[in-house]
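As stored in my_file35.txt (compact mmCIF, C-alpha atoms):
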# COMPACT_ATOMS: atom_id res chain seq x y z
CA MET A 9 13.59 -13.54 -12.88
CA VAL A 10 17.06 -11.96 -12.76
CA SER A 11 19.89 -14.45 -12.39
CA ASN A 12 22.94 -12.19 -12.72
CA VAL A 13 22.88 -10.95 -9.14
CA SER A 14 24.76 -12.26 -6.15
CA LEU A 15 23.24 -13.31 -2.88
CA PRO A 16 24.42 -12.06 0.53
CA THR A 17 26.55 -14.18 2.79
CA VAL A 18 25.91 -15.27 6.35
CA GLU A 19 28.87 -13.12 7.37
CA GLN A 20 27.31 -9.99 5.90
CA LEU A 21 23.99 -10.59 7.62
CA GLY A 22 25.86 -10.78 10.92
CA PHE A 23 27.76 -7.50 10.49
CA ARG A 24 27.78 -5.07 13.40
CA GLY A 25 29.66 -1.85 14.16
CA ALA A 26 31.83 -0.34 11.42
CA ALA A 27 31.23 -3.20 8.98
CA GLN A 28 27.48 -2.83 9.38
CA ASN A 29 27.67 0.94 8.90
CA ALA A 30 29.63 0.47 5.69
CA LEU A 31 27.11 -2.11 4.44
CA HIS A 32 24.17 0.20 5.12
CA GLU A 33 25.89 3.23 3.62
CA ARG A 34 26.64 1.30 0.44
CA ALA A 35 23.01 0.18 0.20
CA ALA A 36 21.71 3.71 0.77
CA SER A 37 24.10 5.05 -1.86
CA ILE A 38 22.86 2.52 -4.41
CA ALA A 39 19.25 3.52 -3.71
CA VAL A 40 20.12 7.16 -4.37
CA GLU A 41 21.92 6.21 -7.59
CA GLN A 42 18.82 4.34 -8.78
CA PHE A 43 15.96 6.51 -7.50
CA GLY A 44 17.49 9.82 -6.51
CA ARG A 45 16.63 11.06 -3.02
CA ARG A 46 12.90 10.55 -3.39
CA VAL A 47 10.88 8.31 -1.11
CA PHE A 48 7.42 7.13 -2.12
CA ILE A 49 4.72 7.89 0.46
CA ARG A 50 1.58 5.82 0.53
CA ALA A 51 -1.31 5.56 2.93
CA VAL A 52 -2.69 2.25 4.17
CA VAL A 53 -6.29 1.54 5.11
CA GLU A 54 -7.00 -1.79 6.80
CA VAL A 55 -10.49 -2.71 5.69
CA SER A 56 -11.16 -6.08 7.36
CA ASN A 57 -9.67 -8.30 10.05
CA PHE A 58 -11.69 -11.36 9.07
CA CYS A 59 -9.28 -14.02 7.86
CA ARG A 60 -9.75 -17.59 6.70
CA GLU A 61 -6.06 -18.40 7.26
CA ASN A 62 -4.50 -19.57 10.53
CA CYS A 63 -0.90 -18.30 10.46
CA ALA A 64 0.89 -19.01 13.74
CA TYR A 65 2.55 -15.57 13.73
CA CYS A 66 -0.55 -13.42 13.10
CA GLY A 67 -3.11 -12.26 15.65
CA MET A 68 -5.88 -12.20 13.03
CA ARG A 69 -5.63 -15.97 12.56
CA ARG A 70 -9.02 -17.63 12.34
CA ASP A 71 -8.53 -19.53 15.63
CA ASN A 72 -8.29 -16.27 17.58
CA ARG A 73 -11.87 -16.38 18.86
CA GLN A 74 -11.31 -13.46 21.23
CA LEU A 75 -10.71 -10.93 18.47
CA PRO A 76 -13.66 -8.65 17.60
CA ARG A 77 -14.00 -8.80 13.84
CA PHE A 78 -14.80 -5.84 11.59
CA ARG A 79 -15.31 -4.80 8.00
CA ALA A 80 -14.91 -1.08 7.35
CA ARG A 81 -17.55 0.86 5.46
CA HIS A 82 -16.81 1.99 1.93
CA ASP A 83 -18.30 5.45 2.49
CA GLN A 84 -16.19 6.05 5.61
CA LEU A 85 -12.95 5.14 3.83
CA ALA A 86 -13.85 7.00 0.64
CA GLU A 87 -14.55 10.21 2.55
CA LEU A 88 -11.23 9.89 4.37
CA LEU A 89 -9.11 9.16 1.31
CA VAL A 90 -10.79 11.52 -1.12
CA HIS A 91 -11.15 14.55 1.16
CA HIS A 92 -8.95 14.16 4.26
CA ARG A 93 -5.77 12.35 3.29
CA PRO A 94 -2.41 14.00 4.08
CA ASP A 95 -0.99 16.15 1.30
CA SER A 96 2.16 14.04 0.99
CA VAL A 97 0.29 10.84 0.10
CA THR A 98 0.49 9.80 -3.57
CA ASP A 99 -0.63 6.16 -3.27
CA VAL A 100 -2.95 4.11 -1.11
CA ASN A 101 -2.60 0.47 -0.10
CA ILE A 102 -5.85 -1.33 0.70
CA GLN A 103 -5.12 -4.17 3.09
CA ALA A 104 -7.17 -6.89 4.76
CA GLY A 105 -7.08 -10.34 6.21
CA GLU A 106 -7.89 -13.01 3.65
CA ASP A 107 -11.55 -12.08 3.33
CA PRO A 108 -13.13 -12.33 -0.14
CA VAL A 109 -16.38 -10.87 1.23
CA ALA A 110 -14.59 -7.62 2.10
CA VAL A 111 -12.93 -7.60 -1.31
CA ARG A 112 -16.29 -7.66 -3.05
CA GLU A 113 -18.25 -5.43 -0.66
CA VAL A 114 -15.62 -2.86 0.36
CA VAL A 115 -12.42 -3.02 -1.68
CA LEU A 116 -13.81 -3.08 -5.21
CA PRO A 117 -16.20 -0.14 -4.63
CA LEU A 118 -13.42 1.80 -2.90
CA ILE A 119 -10.98 1.32 -5.79
CA LYS A 120 -13.61 2.51 -8.26
CA THR A 121 -14.26 5.62 -6.15
CA LEU A 122 -10.55 6.40 -5.89
CA ARG A 123 -10.07 5.99 -9.64
CA ARG A 124 -13.01 8.27 -10.34
CA GLU A 125 -12.21 11.03 -7.84
CA THR A 126 -8.43 11.01 -7.25
CA ALA A 127 -5.10 10.50 -9.01
CA LEU A 128 -3.85 8.16 -6.28
CA GLY A 129 -1.99 5.02 -7.25
CA VAL A 130 -3.70 1.97 -5.77
CA SER A 131 -2.08 -1.16 -4.37
CA VAL A 132 -3.82 -4.03 -2.61
CA CYS A 133 -2.69 -6.60 -0.05
CA LEU A 134 -5.53 -9.11 0.18
CA GLY A 135 -3.98 -12.56 0.22
CA THR A 136 -4.56 -15.37 -2.25
CA LEU A 137 -7.81 -14.98 -4.15
CA ASP A 138 -9.31 -16.65 -7.20
CA HIS A 139 -8.07 -15.46 -10.57
CA LYS A 140 -11.38 -13.87 -11.47
CA LEU A 141 -11.26 -11.65 -8.39
CA TYR A 142 -7.69 -10.60 -9.21
CA ALA A 143 -8.91 -9.54 -12.65
CA GLU A 144 -11.82 -7.58 -11.16
CA LEU A 145 -9.45 -5.70 -8.88
CA LYS A 146 -7.14 -4.86 -11.77
CA ASN A 147 -10.00 -3.79 -14.01
CA ALA A 148 -11.30 -1.56 -11.21
CA GLY A 149 -7.98 0.32 -11.20
CA ALA A 150 -5.51 -1.29 -8.81
CA SER A 151 -2.08 -1.93 -10.33
CA ILE A 152 0.20 -3.20 -7.53
CA TYR A 153 -0.37 -6.44 -5.61
CA ILE A 154 1.46 -7.08 -2.34
CA ILE A 155 1.64 -10.78 -1.53
CA LYS A 156 4.42 -11.92 0.78
CA PHE A 157 5.91 -15.37 0.47
CA GLU A 158 6.81 -15.04 4.17
CA ILE A 159 9.08 -18.11 4.48
CA ALA A 160 11.23 -19.74 1.79
CA ASN A 161 11.55 -23.08 3.61
CA PRO A 162 8.55 -25.26 2.58
CA SER A 163 8.55 -27.33 5.78
CA ALA A 164 8.77 -24.24 7.99
CA TYR A 165 6.03 -22.65 5.89
CA ALA A 166 3.78 -25.59 6.67
CA SER A 167 4.68 -25.71 10.36
CA MET A 168 3.80 -22.03 10.75
CA ASN A 169 0.43 -22.57 9.03
CA ALA A 170 1.39 -19.85 6.57
CA PRO A 171 -1.29 -18.99 3.98
CA GLY A 172 -2.58 -21.89 1.90
CA ASN A 173 0.47 -23.93 1.03
CA TYR A 174 3.93 -23.03 -0.17
CA ASP A 175 3.56 -24.00 -3.83
CA GLU A 176 0.14 -22.36 -4.07
CA ARG A 177 1.52 -19.09 -2.72
CA LEU A 178 4.35 -18.99 -5.24
CA ASN A 179 2.02 -19.92 -8.09
CA HIS A 180 -0.24 -16.99 -7.20
CA ILE A 181 2.73 -14.61 -7.23
CA ARG A 182 3.69 -15.85 -10.68
CA HIS A 183 0.12 -15.65 -11.92
CA LEU A 184 -0.25 -12.04 -10.76
CA ALA A 185 2.96 -10.97 -12.47
CA GLY A 186 1.93 -12.78 -15.65
CA ALA A 187 -1.45 -11.01 -15.54
CA GLY A 188 0.22 -7.60 -15.62
CA TRP A 189 0.32 -6.67 -11.94
CA ARG A 190 3.39 -5.06 -10.39
CA VAL A 191 4.06 -7.53 -7.59
CA SER A 192 5.79 -6.84 -4.29
CA SER A 193 6.54 -9.66 -1.88
CA GLY A 194 8.45 -10.07 1.36
CA PHE A 195 9.69 -12.32 4.12
CA ILE A 196 10.00 -12.47 7.89
CA ALA A 197 13.41 -12.24 9.59
CA GLY A 198 14.01 -13.79 12.98
CA LEU A 199 11.23 -16.38 13.09
CA PRO A 200 11.62 -18.96 15.88
CA GLY A 201 13.84 -21.79 14.67
CA GLN A 202 15.03 -19.90 11.58
CA SER A 203 18.56 -20.89 10.57
CA ASP A 204 21.15 -18.90 8.66
CA GLN A 205 20.45 -21.04 5.61
CA ASP A 206 16.73 -20.37 5.96
CA ILE A 207 17.41 -16.65 5.84
CA LEU A 208 19.63 -16.97 2.77
CA ALA A 209 16.93 -19.07 1.08
CA ASN A 210 14.60 -16.06 1.31
CA PHE A 211 16.98 -14.05 -0.86
CA ALA A 212 17.32 -16.83 -3.42
CA LEU A 213 13.54 -17.18 -3.70
CA ALA A 214 12.99 -13.42 -3.91
CA ARG A 215 15.61 -13.21 -6.67
CA ASP A 216 13.91 -15.93 -8.69
CA LEU A 217 10.35 -14.61 -8.43
CA PRO A 218 8.96 -12.02 -10.89
CA LEU A 219 8.93 -9.14 -8.41
CA ASP A 220 9.15 -5.35 -8.53
CA GLY A 221 9.75 -4.97 -4.80
CA CYS A 222 10.33 -6.86 -1.59
CA SER A 223 10.15 -6.17 2.14
CA VAL A 224 11.77 -7.59 5.26
CA SER A 225 9.62 -7.67 8.39
CA PRO A 226 11.16 -8.41 11.79
CA PHE A 227 9.37 -11.19 13.64
CA ILE A 228 7.24 -9.67 16.39
CA ALA A 229 5.64 -12.08 18.86
CA GLY A 230 1.92 -11.44 18.54
CA ASP A 231 -0.01 -11.17 21.79
CA GLU A 232 -2.76 -13.55 20.69
CA THR A 233 -0.79 -16.17 18.76
CA PRO A 234 0.88 -19.52 19.56
CA LEU A 235 4.24 -17.70 19.34
CA ALA A 236 3.40 -15.06 21.93
CA GLN A 237 6.34 -15.99 24.17
CA ALA A 238 8.96 -16.13 21.43
CA PRO A 239 11.67 -13.43 21.34
CA THR A 240 11.43 -10.46 19.01
CA ALA A 241 13.70 -10.56 15.97
CA ASP A 242 17.14 -9.00 16.15
CA ILE A 243 16.74 -5.55 14.60
CA ASP A 244 20.30 -5.64 13.27
CA LEU A 245 19.63 -8.87 11.38
CA THR A 246 16.49 -7.30 9.89
CA LEU A 247 18.31 -4.13 8.83
CA ASN A 248 21.19 -6.09 7.33
CA CYS A 249 18.66 -8.11 5.33
CA MET A 250 17.14 -4.86 4.05
CA ALA A 251 20.55 -3.58 3.00
CA ALA A 252 21.35 -6.90 1.34
CA LEU A 253 18.10 -6.72 -0.65
CA ARG A 254 19.07 -3.28 -1.93
CA LEU A 255 22.50 -4.52 -2.94
CA MET A 256 20.98 -7.56 -4.62
CA ARG A 257 18.35 -5.57 -6.53
CA PRO A 258 19.07 -1.85 -6.88
CA ASP A 259 15.89 -1.40 -8.93
CA TRP A 260 13.42 -2.75 -6.38
CA VAL A 261 11.09 -0.67 -4.29
CA ILE A 262 11.89 -1.65 -0.70
CA PRO A 263 9.65 -0.40 2.12
CA ALA A 264 10.54 0.53 5.66
CA VAL A 265 7.85 -1.41 7.56
CA SER A 266 6.24 -0.04 10.72
CA ALA A 267 7.27 -3.16 12.68
CA LEU A 268 10.84 -1.83 12.69
CA ASN A 269 9.78 0.51 15.47
CA LEU A 270 8.43 -2.42 17.49
CA ALA A 271 11.75 -4.23 17.10
CA GLU A 272 13.67 -1.10 18.14
CA PRO A 273 11.35 1.54 19.60
CA GLY A 274 12.21 5.08 18.59
CA ALA A 275 14.99 4.25 16.14
CA GLY A 276 14.07 1.22 14.03
CA TYR A 277 12.18 3.10 11.33
CA TYR A 278 14.84 5.78 10.96
CA ARG A 279 17.53 3.11 10.71
CA GLY A 280 15.49 1.27 8.09
CA LEU A 281 15.54 4.30 5.82
CA ARG A 282 19.32 4.37 6.18
CA THR A 283 19.59 0.89 4.60
CA GLY A 284 18.28 1.96 1.21
CA ALA A 285 14.52 1.69 1.77
CA ASN A 286 12.56 4.02 -0.50
CA LEU A 287 8.90 3.53 0.44
CA VAL A 288 7.10 4.58 3.62
CA THR A 289 3.52 4.15 4.76
CA ILE A 290 1.18 6.42 6.74
CA ASN A 291 -1.55 4.54 8.59
CA LEU A 292 -4.99 6.04 7.87
CA THR A 293 -7.14 3.22 9.23
CA PRO A 294 -9.90 4.83 11.33
CA SER A 295 -8.85 4.84 14.99
CA ASP A 296 -11.94 2.93 16.11
CA LEU A 297 -10.92 0.00 13.89
CA ARG A 298 -7.15 -0.23 13.83
CA GLY A 299 -6.79 -1.56 17.38
CA ASP A 300 -8.40 -4.81 16.18
CA TYR A 301 -6.20 -5.10 13.08
CA LEU A 302 -3.94 -7.35 15.08
CA LEU A 303 -0.90 -8.21 13.01
CA TYR A 304 1.41 -8.06 16.01
CA LYS A 305 0.42 -6.39 19.27
CA ARG A 306 -2.52 -4.27 20.33
CA ASP A 307 -0.11 -1.54 21.36
CA ARG A 308 0.69 -0.51 17.79
CA PHE A 309 3.17 2.11 16.66
CA ILE A 310 1.20 4.21 14.20
CA MET A 311 3.20 6.02 11.54
CA THR A 312 1.62 9.44 11.09
CA GLU A 313 2.51 11.97 8.40
CA GLU A 314 4.52 13.97 10.94
CA ARG A 315 6.56 10.93 11.96
CA ILE A 316 7.07 9.88 8.35
CA LEU A 317 8.23 13.29 7.13
CA ASP A 318 10.53 13.66 10.14
CA ALA A 319 12.17 10.28 9.47
CA ILE A 320 12.63 11.07 5.77
CA ALA A 321 14.20 14.45 6.54
CA LYS A 322 16.59 12.98 9.12
CA VAL A 323 18.25 10.81 6.50
CA GLY A 324 18.49 13.58 3.90
CA LEU A 325 15.76 12.24 1.63
CA ALA A 326 12.59 13.88 0.31
CA PRO A 327 9.01 12.82 -0.47
CA SER A 328 8.34 11.82 -4.05
CA THR A 329 5.78 13.92 -5.88
CA GLN A 330 5.24 11.06 -8.32
CA SER A 331 3.09 8.14 -7.27
CA LEU A 332 4.60 4.68 -7.18
CA ALA A 333 1.95 3.52 -9.65
CA GLU A 334 2.93 6.26 -12.10
CA PHE A 335 6.61 5.46 -11.61
CA TYR A 336 6.00 1.87 -12.61
CA HIS A 337 3.91 3.01 -15.56
CA THR A 338 6.51 5.37 -16.98
CA GLU A 339 9.70 3.40 -16.36
CA ASN A 340 11.41 2.02 -19.43
CA LYS A 341 10.63 -1.69 -19.45
CA VAL A 342 12.38 -4.54 -21.17
CA ASN A 343 10.17 -7.63 -21.28
CA GLY A 344 8.32 -6.37 -18.23
CA SER A 345 11.37 -5.73 -16.05
CA ARG A 346 13.51 -2.68 -15.41
CA LYS A 347 17.01 -2.74 -16.78
CA LEU A 348 19.34 -3.92 -14.08
CA LYS A 349 22.99 -3.22 -13.53
CA PRO A 350 24.65 -6.33 -12.08
CA VAL A 351 25.83 -5.79 -8.53
CA GLU A 352 28.60 -7.81 -7.03
CA THR A 353 28.41 -9.32 -3.59
CA VAL A 354 29.68 -6.49 -1.42
CA SER A 355 32.62 -7.39 0.76
CA VAL A 356 32.78 -5.04 3.71
CA ARG A 357 35.37 -5.71 6.40
If you took the structure in this file and wrote it as structure tokens, what would it be?
Amino acid sequence: MVSNVSLPTVEQLGFRGAAQNALHERAASIAVEQFGRRVFIRAVVEVSNFCRENCAYCGMRRDNRQLPRFRARHDQLAELLVHHRPDSVTDVNIQAGEDPVAVREVVLPLIKTLRRETALGVSVCLGTLDHKLYAELKNAGASIYIIKFEIANPSAYASMNAPGNYDERLNHIRHLAGAGWRVSSGFIAGLPGQSDQDILANFALARDLPLDGCSVSPFIAGDETPLAQAPTADIDLTLNCMAALRLMRPDWVIPAVSALNLAEPGAGYYRGLRTGANLVTINLTPSDLRGDYLLYKRDRFIMTEERILDAIAKVGLAPSTQSLAEFYHTENKVNGSRKLKPVETVSVR
């Protein structure tokens, strides 16, 4: 936990025009000061859309009986990642619905193959699992765990049927960090009924958790969810939240998520990189499977290597040749956390 940082204000999250540009430019400048102009490039493979959770905002919720379910094959993914991944990829994120069967049958063998045959850093995004399974994943060779807290308001967390329960989710984040994982979390901006104070609470919770990174995802109304008719999040609110995260924690790895291009087609991703984001993701899920990995809509915007490299170049950044996992390994640590320069609340008028 780092307590000597300031939280954003409601006014800052509402910035538009010149004030917003200044906010984003300051955030991008801080990212360059901390990381240089490098952007980490990882691939994602989505290995299962089975899920035992029932989140109101996710199309893979267990009550979606119309969704064809799949578990990818280890050999198919191993061949792709070992022999056919894009040259720019230094890390891979293995992602699934909350499906312990897929973890045991697909994820663990895949991690072992990647450790044996590649130098890729490995992160996983697999939901809340038992502690023994976390240890097996770490022993196999994964080092980064992505587990989003989603919503910092406990009552809203419950009403959205977010994973497990609020306290359980936070306890798992703390357990993972205590067990030696590098933990990245995140929250959703623009959820139906979300107040200004709810949004600010996300920053306070993120600050107080033992994290190495955090994302902001714009709410996208999923086609096959109870929230299908709700409006899409305001892209400007989402981008201002991303900039505020960078100002709050210069040392964090902050991704530009693919949903930015659903919130603002054609420009959202590029604008996300201009707020100080320093991680991008190329989707390598086999095309015959990814249409049923239904986080938002079936009409997905797939970030290819060409699109990723183009977006990075447009903002004057460059791909990192060092993996994110290696970066975490080699950084100078003080009690498990990077040294942090305090950053004042930025006042931009």
Practice task
May I have the residues within 9 Å of stretch 303-315 of chain A as a VMD selection string, using only C-alpha atoms and disregarding those fewer than 6 positions away in the same chain?
Solution key: chain A and resid 65 to 68 94 to 97 227 to 233 266 to 267 269 to 270 273 288 to 292
Handout entry: Selected residue, from A:Val261, A:Ala252, A:Ile181, A:Ile152, that lies nearest to A:Ile207 when counting all atoms listed in the file
Key = A:Ala252
Handout entry: Minimum-distance residue to A:Ala271, chosen among A:Pro218, A:Pro294, A:Gly299, A:Gly198 (using all atoms listed in the file)
Key =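 Comparing A:Pro218, A:Pro294, A:Gly299, A:Gly198 against A:Ala271, the winner is A:Gly198.
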Just need the box for stretch 31-46 of chain A, edges along x, y and z, holding every atom the file lists for it with 6 Å tacked onto each side, so centre and edge lengths in Å to one decimal, as JSON.
{"center_x": 20.0, "center_y": 4.5, "center_z": -1.8, "size_x": 26.2, "size_y": 25.2, "size_z": 25.9}
Polymer residues at most 12 Å from A:His183, all atoms listed in the file, same-chain spacing of 5 or more positions, as a compact mmCIF listing (two decimals) with C-alpha atoms, in the frame of the given file:
# COMPACT_ATOMS: atom_id res chain seq x y z
CA THR A 136 -4.56 -15.37 -2.25
CA LEU A 137 -7.81 -14.98 -4.15
CA ASP A 138 -9.31 -16.65 -7.20
CA HIS A 139 -8.07 -15.46 -10.57
CA LYS A 140 -11.38 -13.87 -11.47
CA TYR A 142 -7.69 -10.60 -9.21
CA ALA A 143 -8.91 -9.54 -12.65
CA TYR A 153 -0.37 -6.44 -5.61
CA ILE A 155 1.64 -10.78 -1.53
CA GLU A 176 0.14 -22.36 -4.07
CA ARG A 177 1.52 -19.09 -2.72
CA LEU A 178 4.35 -18.99 -5.24
CA GLY A 188 0.22 -7.60 -15.62
CA TRP A 189 0.32 -6.67 -11.94
CA ARG A 190 3.39 -5.06 -10.39
CA VAL A 191 4.06 -7.53 -7.59
CA LEU A 217 10.35 -14.61 -8.43
CA PRO A 218 8.96 -12.02 -10.89
CA LEU A 219 8.93 -9.14 -8.41
Practice task
Please provide the set of residues having any atom within 8 Å of A:Glu334, restricted to all atoms listed in the file, with same-chain residues fewer than 4 positions apart removed, written as a list in words.
Solution key: Gly129, Gln330 and Thr338 of chain A
Exercise for the section: Between A:Cys249, A:Ala39, A:Leu122, A:Leu15, single out the one closest to A:Leu85, counting all atoms listed in the file. Expected result: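 Smallest separation from A:Leu85 among the options: A:Leu122.
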Exercise for the section: Rank A:Asn248, A:Thr126, A:Gln84, A:Thr17 by their smallest atom-to-atom distance to A:Ala209, using all atoms listed in the file, and report the top residue only. Expected result: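 The answer is A:Thr17, which sits nearest to A:Ala209.
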Problem - Which of A:Ala166, A:Ala285, A:Cys222, A:Ala185 sits closest to A:Cys63 [using all atoms listed in the file] - result: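 Result for the nearest residue to A:Cys63: A:Ala166.
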Problem - Å distance separating atom CA of A:Leu128 from atom CA of A:Thr98, one decimal place - result: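 Spanning atom CA of A:Leu128 to atom CA of A:Thr98 is a straight-line distance of 5.4 Å.
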Practice task
Just the residues within 10 Å of A:Glu106, please, counting only C-alpha atoms, with nothing from its chain fewer than 5 positions along; format it as a PyMOL selection string.
Solution key: chain A and resi 56-61+68-70+111+133-137+171
Practice task
Please provide as a list in words all residues within 7 Å of A:Gln42, with the sequence filter that same-chain residues fewer than 4 positions apart are discarded (counting only C-alpha atoms).
Solution key: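 My list of contacting residues is Ile38, Pro258 and Asp259 of chain A.
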Problem - Within 7 Å of file point (4.8, 1.4, 2.6), counting only C-alpha atoms, expressed as a PyMOL selection string - result: chain A and resi 49-50+263-265+287-289
Completion exercise
Computed gap from atom CA of A:Met250 to atom CA of A:Gly280 is 7.5 Å
Practice task
Determine, counting only C-alpha atoms, every residue of protein, DNA or RNA that lies within 12 Å of (8.4, -25.3, 8.3) in the file coordinates, then give the result as a PyMOL selection string.
Solution key: chain A and resi 63-64+158-170+173-174+199-203+206
Residues just named, written with C-alpha atoms as a PDB file, in the coordinates of the input:
ATOM      1  CA  CYS A  63      -0.900 -18.300  10.460  1.00  0.00           C
ATOM      2  CA  ALA A  64       0.890 -19.010  13.740  1.00  0.00           C
ATOM      3  CA  GLU A 158       6.810 -15.040   4.170  1.00  0.00           C
ATOM      4  CA  ILE A 159       9.080 -18.110   4.480  1.00  0.00           C
ATOM      5  CA  ALA A 160      11.230 -19.740   1.790  1.00  0.00           C
ATOM      6  CA  ASN A 161      11.550 -23.080   3.610  1.00  0.00           C
ATOM      7  CA  PRO A 162       8.550 -25.260   2.580  1.00  0.00           C
ATOM      8  CA  SER A 163       8.550 -27.330   5.780  1.00  0.00           C
ATOM      9  CA  ALA A 164       8.770 -24.240   7.990  1.00  0.00           C
ATOM     10  CA  TYR A 165       6.030 -22.650   5.890  1.00  0.00           C
ATOM     11  CA  ALA A 166       3.780 -25.590   6.670  1.00  0.00           C
ATOM     12  CA  SER A 167       4.680 -25.710  10.360  1.00  0.00           C
ATOM     13  CA  MET A 168       3.800 -22.030  10.750  1.00  0.00           C
ATOM     14  CA  ASN A 169       0.430 -22.570   9.030  1.00  0.00           C
ATOM     15  CA  ALA A 170       1.390 -19.850   6.570  1.00  0.00           C
ATOM     16  CA  ASN A 173       0.470 -23.930   1.030  1.00  0.00           C
ATOM     17  CA  TYR A 174       3.930 -23.030  -0.170  1.00  0.00           C
ATOM     18  CA  LEU A 199      11.230 -16.380  13.090  1.00  0.00           C
ATOM     19  CA  PRO A 200      11.620 -18.960  15.880  1.00  0.00           C
ATOM     20  CA  GLY A 201      13.840 -21.790  14.670  1.00  0.00           C
ATOM     21  CA  GLN A 202      15.030 -19.900  11.580  1.00  0.00           C
ATOM     22  CA  SER A 203      18.560 -20.890  10.570  1.00  0.00           C
ATOM     23  CA  ASP A 206      16.730 -20.370   5.960  1.00  0.00           C
TER      24      ASP A 206
END
Practice task
Find, counting all atoms listed in the file, the residue in A:Arg46, A:Arg257, A:His180, A:Arg77 that gets nearest to A:Ala212.
Solution key: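 Ranking A:Arg46, A:Arg257, A:His180, A:Arg77 by distance to A:Ala212, first place goes to A:Arg257.
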Practice task
Grab the atom CA of A:Leu89 to atom CA of A:Val132 distance for me, in Å with one decimal place.
Solution key: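 Atom-to-atom, atom CA of A:Leu89 to atom CA of A:Val132, that is 14.7 Å.
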With stretch 18-24 of chain A as the partner and 9 Å as the cut-off, tabulate the residues of stretch 192-244 of chain A that qualify, each row holding the nearest pair of atoms and their distance in Å to one decimal, using all atoms listed in the file, sorted by chain and rising number, as a Markdown table.
| residue | atom | partner | partner_atom | distance |
| --- | --- | --- | --- | --- |
| A:Asp204 | CA | A:Val18 | CA | 6.4 |
| A:Gln205 | CA | A:Val18 | CA | 8.0 |
| A:Ile207 | CA | A:Val18 | CA | 8.6 |
| A:Leu208 | CA | A:Val18 | CA | 7.4 |
| A:Asp244 | CA | A:Arg24 | CA | 7.5 |
